[in-house]
$ cat input13.tsv   # TSV, C-alpha atoms
chain	number	residue	atom	x	y	z
A	1	MET	CA	118.15	195.53	-11.70
A	2	ARG	CA	115.15	193.18	-11.48
A	3	HIS	CA	114.81	190.84	-8.52
A	4	ASP	CA	112.83	187.61	-8.58
A	5	VAL	CA	110.31	187.58	-5.76
A	6	GLY	CA	110.25	184.10	-4.23
A	7	ARG	CA	107.38	182.10	-2.80
A	8	GLY	CA	107.85	183.40	0.76
A	9	ALA	CA	107.79	187.01	-0.44
A	10	ARG	CA	104.56	186.32	-2.33
A	11	ILE	CA	103.02	184.85	0.85
A	12	VAL	CA	103.99	187.91	2.93
A	13	SER	CA	102.64	190.19	0.19
A	14	ALA	CA	99.38	188.19	0.01
A	15	LEU	CA	98.93	188.46	3.79
A	16	ALA	CA	99.48	192.20	3.59
A	17	VAL	CA	96.94	192.61	0.78
A	18	ALA	CA	94.41	190.38	2.60
A	19	LEU	CA	94.64	192.46	5.78
A	20	CYS	CA	94.31	195.74	3.88
A	21	ALA	CA	91.34	194.45	1.87
A	22	ALA	CA	89.55	192.86	4.83
A	23	GLY	CA	86.75	195.38	4.49
A	24	PRO	CA	84.58	197.23	6.97
A	25	GLY	CA	84.47	194.29	9.39
A	26	MET	CA	88.15	194.91	10.13
A	27	ALA	CA	88.67	198.66	10.25
A	28	GLN	CA	92.21	199.75	11.01
A	29	ASP	CA	92.72	200.97	14.56
A	30	ARG	CA	96.08	202.70	14.22
A	31	VAL	CA	98.44	204.20	11.66
A	32	SER	CA	102.17	204.38	12.39
A	33	ILE	CA	104.89	206.33	10.60
A	34	LEU	CA	108.36	204.83	10.78
A	35	LEU	CA	111.01	207.55	10.84
A	36	GLY	CA	114.33	205.82	11.32
A	37	SER	CA	116.54	203.29	13.01
A	38	HIS	CA	119.81	202.84	14.83
A	39	HIS	CA	121.99	199.75	14.39
A	40	VAL	CA	123.74	199.03	17.70
A	41	ASN	CA	127.48	198.26	17.30
A	42	ALA	CA	127.16	198.06	13.50
A	43	SER	CA	130.09	196.79	11.45
A	44	PHE	CA	128.42	198.02	8.24
A	45	ASP	CA	127.26	201.50	7.15
A	46	PHE	CA	123.48	201.04	7.32
A	47	GLU	CA	120.96	203.67	6.25
A	48	GLU	CA	119.38	205.06	9.40
A	49	ILE	CA	116.57	207.11	7.83
A	50	ASN	CA	113.85	204.58	7.06
A	51	PRO	CA	110.51	206.20	6.26
A	52	GLY	CA	107.53	203.88	6.20
A	53	ALA	CA	103.84	203.54	6.95
A	54	PHE	CA	101.97	200.80	8.79
A	55	LEU	CA	98.33	199.99	9.56
A	56	THR	CA	97.38	198.09	12.73
A	57	TRP	CA	94.28	196.13	13.69
A	58	GLU	CA	94.14	195.90	17.50
A	59	GLY	CA	92.48	192.86	19.06
A	60	ASP	CA	91.79	191.99	22.69
A	61	GLN	CA	95.00	189.96	23.03
A	62	VAL	CA	96.84	190.33	19.72
A	63	ASP	CA	97.30	193.04	17.14
A	64	TRP	CA	98.20	192.69	13.46
A	65	THR	CA	100.31	195.22	11.60
A	66	VAL	CA	101.12	195.48	7.89
A	67	GLY	CA	103.10	198.07	6.00
A	68	GLY	CA	106.06	199.10	3.93
A	69	PHE	CA	109.31	200.93	4.60
A	70	ARG	CA	112.67	201.93	3.19
A	71	ASN	CA	115.01	199.33	4.60
A	72	SER	CA	118.51	199.87	5.94
A	73	TYR	CA	120.03	198.75	2.62
A	74	GLY	CA	118.21	201.48	0.67
A	75	GLY	CA	115.52	199.25	-0.86
A	76	ALA	CA	111.79	198.90	-0.33
A	77	SER	CA	110.48	196.28	2.10
A	78	ALA	CA	107.09	195.06	3.28
A	79	ALA	CA	106.33	193.53	6.66
A	80	VAL	CA	103.54	191.67	8.43
A	81	MET	CA	103.80	191.74	12.23
A	82	LEU	CA	101.87	190.38	15.16
A	83	GLY	CA	102.04	192.05	18.56
A	84	MET	CA	101.05	190.81	21.99
A	85	PRO	CA	100.72	193.54	24.63
A	86	VAL	CA	102.25	192.51	27.96
A	87	TYR	CA	101.83	195.83	29.79
A	88	GLU	CA	99.33	198.66	29.35
A	89	ARG	CA	98.74	201.60	31.62
A	90	GLY	CA	97.33	204.93	30.49
A	91	PRO	CA	99.24	206.11	27.41
A	92	ALA	CA	102.00	203.47	27.87
A	93	GLN	CA	102.18	200.04	26.29
A	94	ILE	CA	104.86	197.37	25.99
A	95	ALA	CA	104.33	194.48	23.57
A	96	LEU	CA	106.21	191.47	22.29
A	97	THR	CA	106.29	191.51	18.50
A	98	ALA	CA	107.14	189.02	15.76
A	99	GLY	CA	106.64	188.78	12.04
A	100	LEU	CA	108.09	188.54	8.57
A	101	ALA	CA	109.67	191.15	6.33
A	102	VAL	CA	110.55	190.95	2.65
A	103	TYR	CA	113.96	192.33	1.61
A	104	PRO	CA	113.93	191.93	-2.20
A	105	GLY	CA	117.45	191.13	-3.38
A	106	ASP	CA	118.92	191.59	0.11
A	107	GLY	CA	117.61	188.54	1.95
A	108	ARG	CA	121.00	186.84	1.46
A	109	ARG	CA	122.51	189.37	3.88
A	110	PHE	CA	120.64	187.75	6.80
A	111	ALA	CA	121.83	184.62	8.61
A	112	VAL	CA	118.25	183.41	9.15
A	113	ARG	CA	116.01	183.73	6.11
A	114	ALA	CA	113.85	181.97	3.55
A	115	GLY	CA	114.96	183.52	0.29
A	116	ASP	CA	114.28	187.23	0.72
A	117	VAL	CA	111.88	186.73	3.65
A	118	VAL	CA	113.37	187.49	7.06
A	119	PRO	CA	111.85	186.69	10.47
A	120	LEU	CA	111.64	189.56	12.96
A	121	GLY	CA	111.14	189.38	16.70
A	122	GLY	CA	111.53	191.84	19.52
A	123	ILE	CA	109.81	194.26	21.81
A	124	ARG	CA	107.80	197.43	21.13
A	125	ALA	CA	107.26	200.27	23.57
A	126	ARG	CA	104.72	203.02	22.99
A	127	TYR	CA	104.05	206.14	25.01
A	128	GLY	CA	101.40	208.47	23.66
A	129	ASN	CA	102.18	208.99	19.99
A	130	ALA	CA	105.81	207.82	20.09
A	131	PHE	CA	107.02	204.25	19.62
A	132	VAL	CA	110.34	202.42	19.77
A	133	GLN	CA	111.00	198.84	18.69
A	134	VAL	CA	114.07	196.77	19.54
A	135	PHE	CA	114.96	193.75	17.43
A	136	PRO	CA	117.95	191.72	18.68
A	137	SER	CA	120.34	190.57	15.95
A	138	ASP	CA	122.91	187.80	15.59
A	139	GLY	CA	125.87	190.10	16.28
A	140	ASN	CA	127.52	189.55	12.90
A	141	THR	CA	126.83	193.02	11.48
A	142	THR	CA	124.89	194.58	14.36
A	143	ASP	CA	123.87	193.61	17.88
A	144	ALA	CA	120.35	195.04	17.63
A	145	ILE	CA	118.18	197.30	15.52
A	146	VAL	CA	116.27	200.07	17.27
A	147	SER	CA	113.54	201.61	15.12
A	148	PHE	CA	111.32	204.54	16.06
A	149	GLY	CA	108.48	206.70	14.86
A	150	LEU	CA	105.05	208.15	15.53
A	151	THR	CA	101.74	206.36	15.89
A	152	PHE	CA	98.18	207.65	15.85
A	153	SER	CA	94.90	206.03	16.89
A	154	LEU	CA	92.31	206.01	14.12
A	155	THR	CA	89.52	204.99	16.47
A	156	ASP	CA	89.98	208.02	18.74
A	157	ALA	CA	89.73	210.27	15.69
A	158	ALA	CA	86.43	208.61	14.64
A	159	GLU	CA	84.77	209.18	18.02

$ encode --input "input13.tsv" --output "structure tokens"
Amino acid sequence: MRHDVGRGARIVSALAVALCAAGPGMAQDRVSILLGSHHVNASFDFEEINPGAFLTWEGDQVDWTVGGFRNSYGGASAAVMLGMPVYERGPAQIALTAGLAVYPGDGRRFAVRAGDVVPLGGIRARYGNAFVQVFPSDGNTTDAIVSFGLTFSLTDAAE
């Protein structure tokens, strides 16, 4: 089945390509591997194994993340996220996070959307190489989505 990718999806995809092609002036600082998710109080049988890969550029006050993942409906999605750290101490970090994800053909399943583009917002916690993200939901099919995985600094490896 072929899905028409709308204007919003093209914008998210263009942002992702622009970040990845930014060149040596914007070297990636971190790579993250998404492993899975848990849908809290789900009324639908979501897929909970969601492999994906993300690249992050860390700034002084804001970080940008772009990547792709297998979504909870079994399709491929891309996302562009912005994170704002609110707590950092040693190997621990907590950040507010917001962005856009493309769910080709499945955007209609979300209450808030622009075609197949869905806004995301929540909180991310990282300790060492592990991360957890919590995205509150509208309570129609799930109360929240908790995603988790592993993350690795690319700048520490270069030193």

$ closest_residue --input "input13.tsv" --among "A:Val112, A:Ala79, A:Met84, A:Leu154" --to "Arg124 of chain A" --atoms "all atoms listed in the file"
A:Met84

$ closest_residue --input "input13.tsv" --among "A:Gly107, A:Gly52, A:Gly128, A:Gly74" --to "Gly90 of chain A" --atoms "only C-alpha atoms"
A:Gly128

$ residues_around --input "input13.tsv" --residues "Pro91 of chain A" --least-positions-apart "4" --cutoff "9 Å" --atoms "only C-alpha atoms" --output "list in words"
Arg126, Tyr127, Gly128 and Asn129 of chain A

$ residues_near_point --input "input13.tsv" --point "(128.3, 195.1, 14.0)" --cutoff "10 Å" --atoms "all atoms listed in the file" --output "PyMOL selection string"
chain A and resi 39-45+137-144

$ closest_residue --input "input13.tsv" --among "A:Asn50, A:Gln93, A:Gln28, A:Thr155" --to "Val66 of chain A" --atoms "all atoms listed in the file"
A:Gln28

$ closest_residue --input "input13.tsv" --among "A:Ala125, A:Met81, A:Val146, A:Val117" --to "Leu35 of chain A" --atoms "only C-alpha atoms"
A:Val146

$ residues_around --input "input13.tsv" --residues "Asp106 of chain A" --least-positions-apart "5" --cutoff "10 Å" --atoms "all atoms listed in the file" --output "PyMOL selection string"
chain A and resi 3+71+73-75+77+115-118

$ residues_around --input "input13.tsv" --residues "Ile49 of chain A" --least-positions-apart "6" --cutoff "10 Å" --atoms "all atoms listed in the file" --output "list in words"
Leu34, Leu35, Gly36, Ser37, His38, Arg70, Asn71, Ser72, Gly74 and Ser147 of chain A

$ closest_residue --input "input13.tsv" --among "A:Ala101, A:Gly83, A:Ala78, A:Ile145" --to "Asp60 of chain A" --atoms "all atoms listed in the file"
A:Gly83

$ atom_distance --input "input13.tsv" --atom1 "atom CA of Gln133 of chain A" --atom2 "atom CA of Ala53 of chain A"
14.5 Å

$ atom_distance --input "input13.tsv" --atom1 "atom CA of Phe131 of chain A" --atom2 "atom CA of Ala114 of chain A"
28.3 Å

$ residues_around --input "input13.tsv" --residues "Val62 of chain A" --least-positions-apart "2" --cutoff "12 Å" --atoms "all atoms listed in the file" --output "PyMOL selection string"
chain A and resi 56-60+64-65+81-86+95-98

$ atom_distance --input "input13.tsv" --atom1 "atom CA of Ala76 of chain A" --atom2 "atom CA of Ala111 of chain A"
19.6 Å

$ residues_near_point --input "input13.tsv" --point "(109.9, 188.1, 11.6)" --cutoff "6 Å" --atoms "all atoms listed in the file" --output "PDB file with C-alpha atoms, in the coordinates of the input"
ATOM      1  CA  ALA A  98     107.140 189.020  15.760  1.00  0.00           C
ATOM      2  CA  GLY A  99     106.640 188.780  12.040  1.00  0.00           C
ATOM      3  CA  LEU A 100     108.090 188.540   8.570  1.00  0.00           C
ATOM      4  CA  VAL A 118     113.370 187.490   7.060  1.00  0.00           C
ATOM      5  CA  PRO A 119     111.850 186.690  10.470  1.00  0.00           C
ATOM      6  CA  LEU A 120     111.640 189.560  12.960  1.00  0.00           C
ATOM      7  CA  GLY A 121     111.140 189.380  16.700  1.00  0.00           C
TER       8      GLY A 121
END
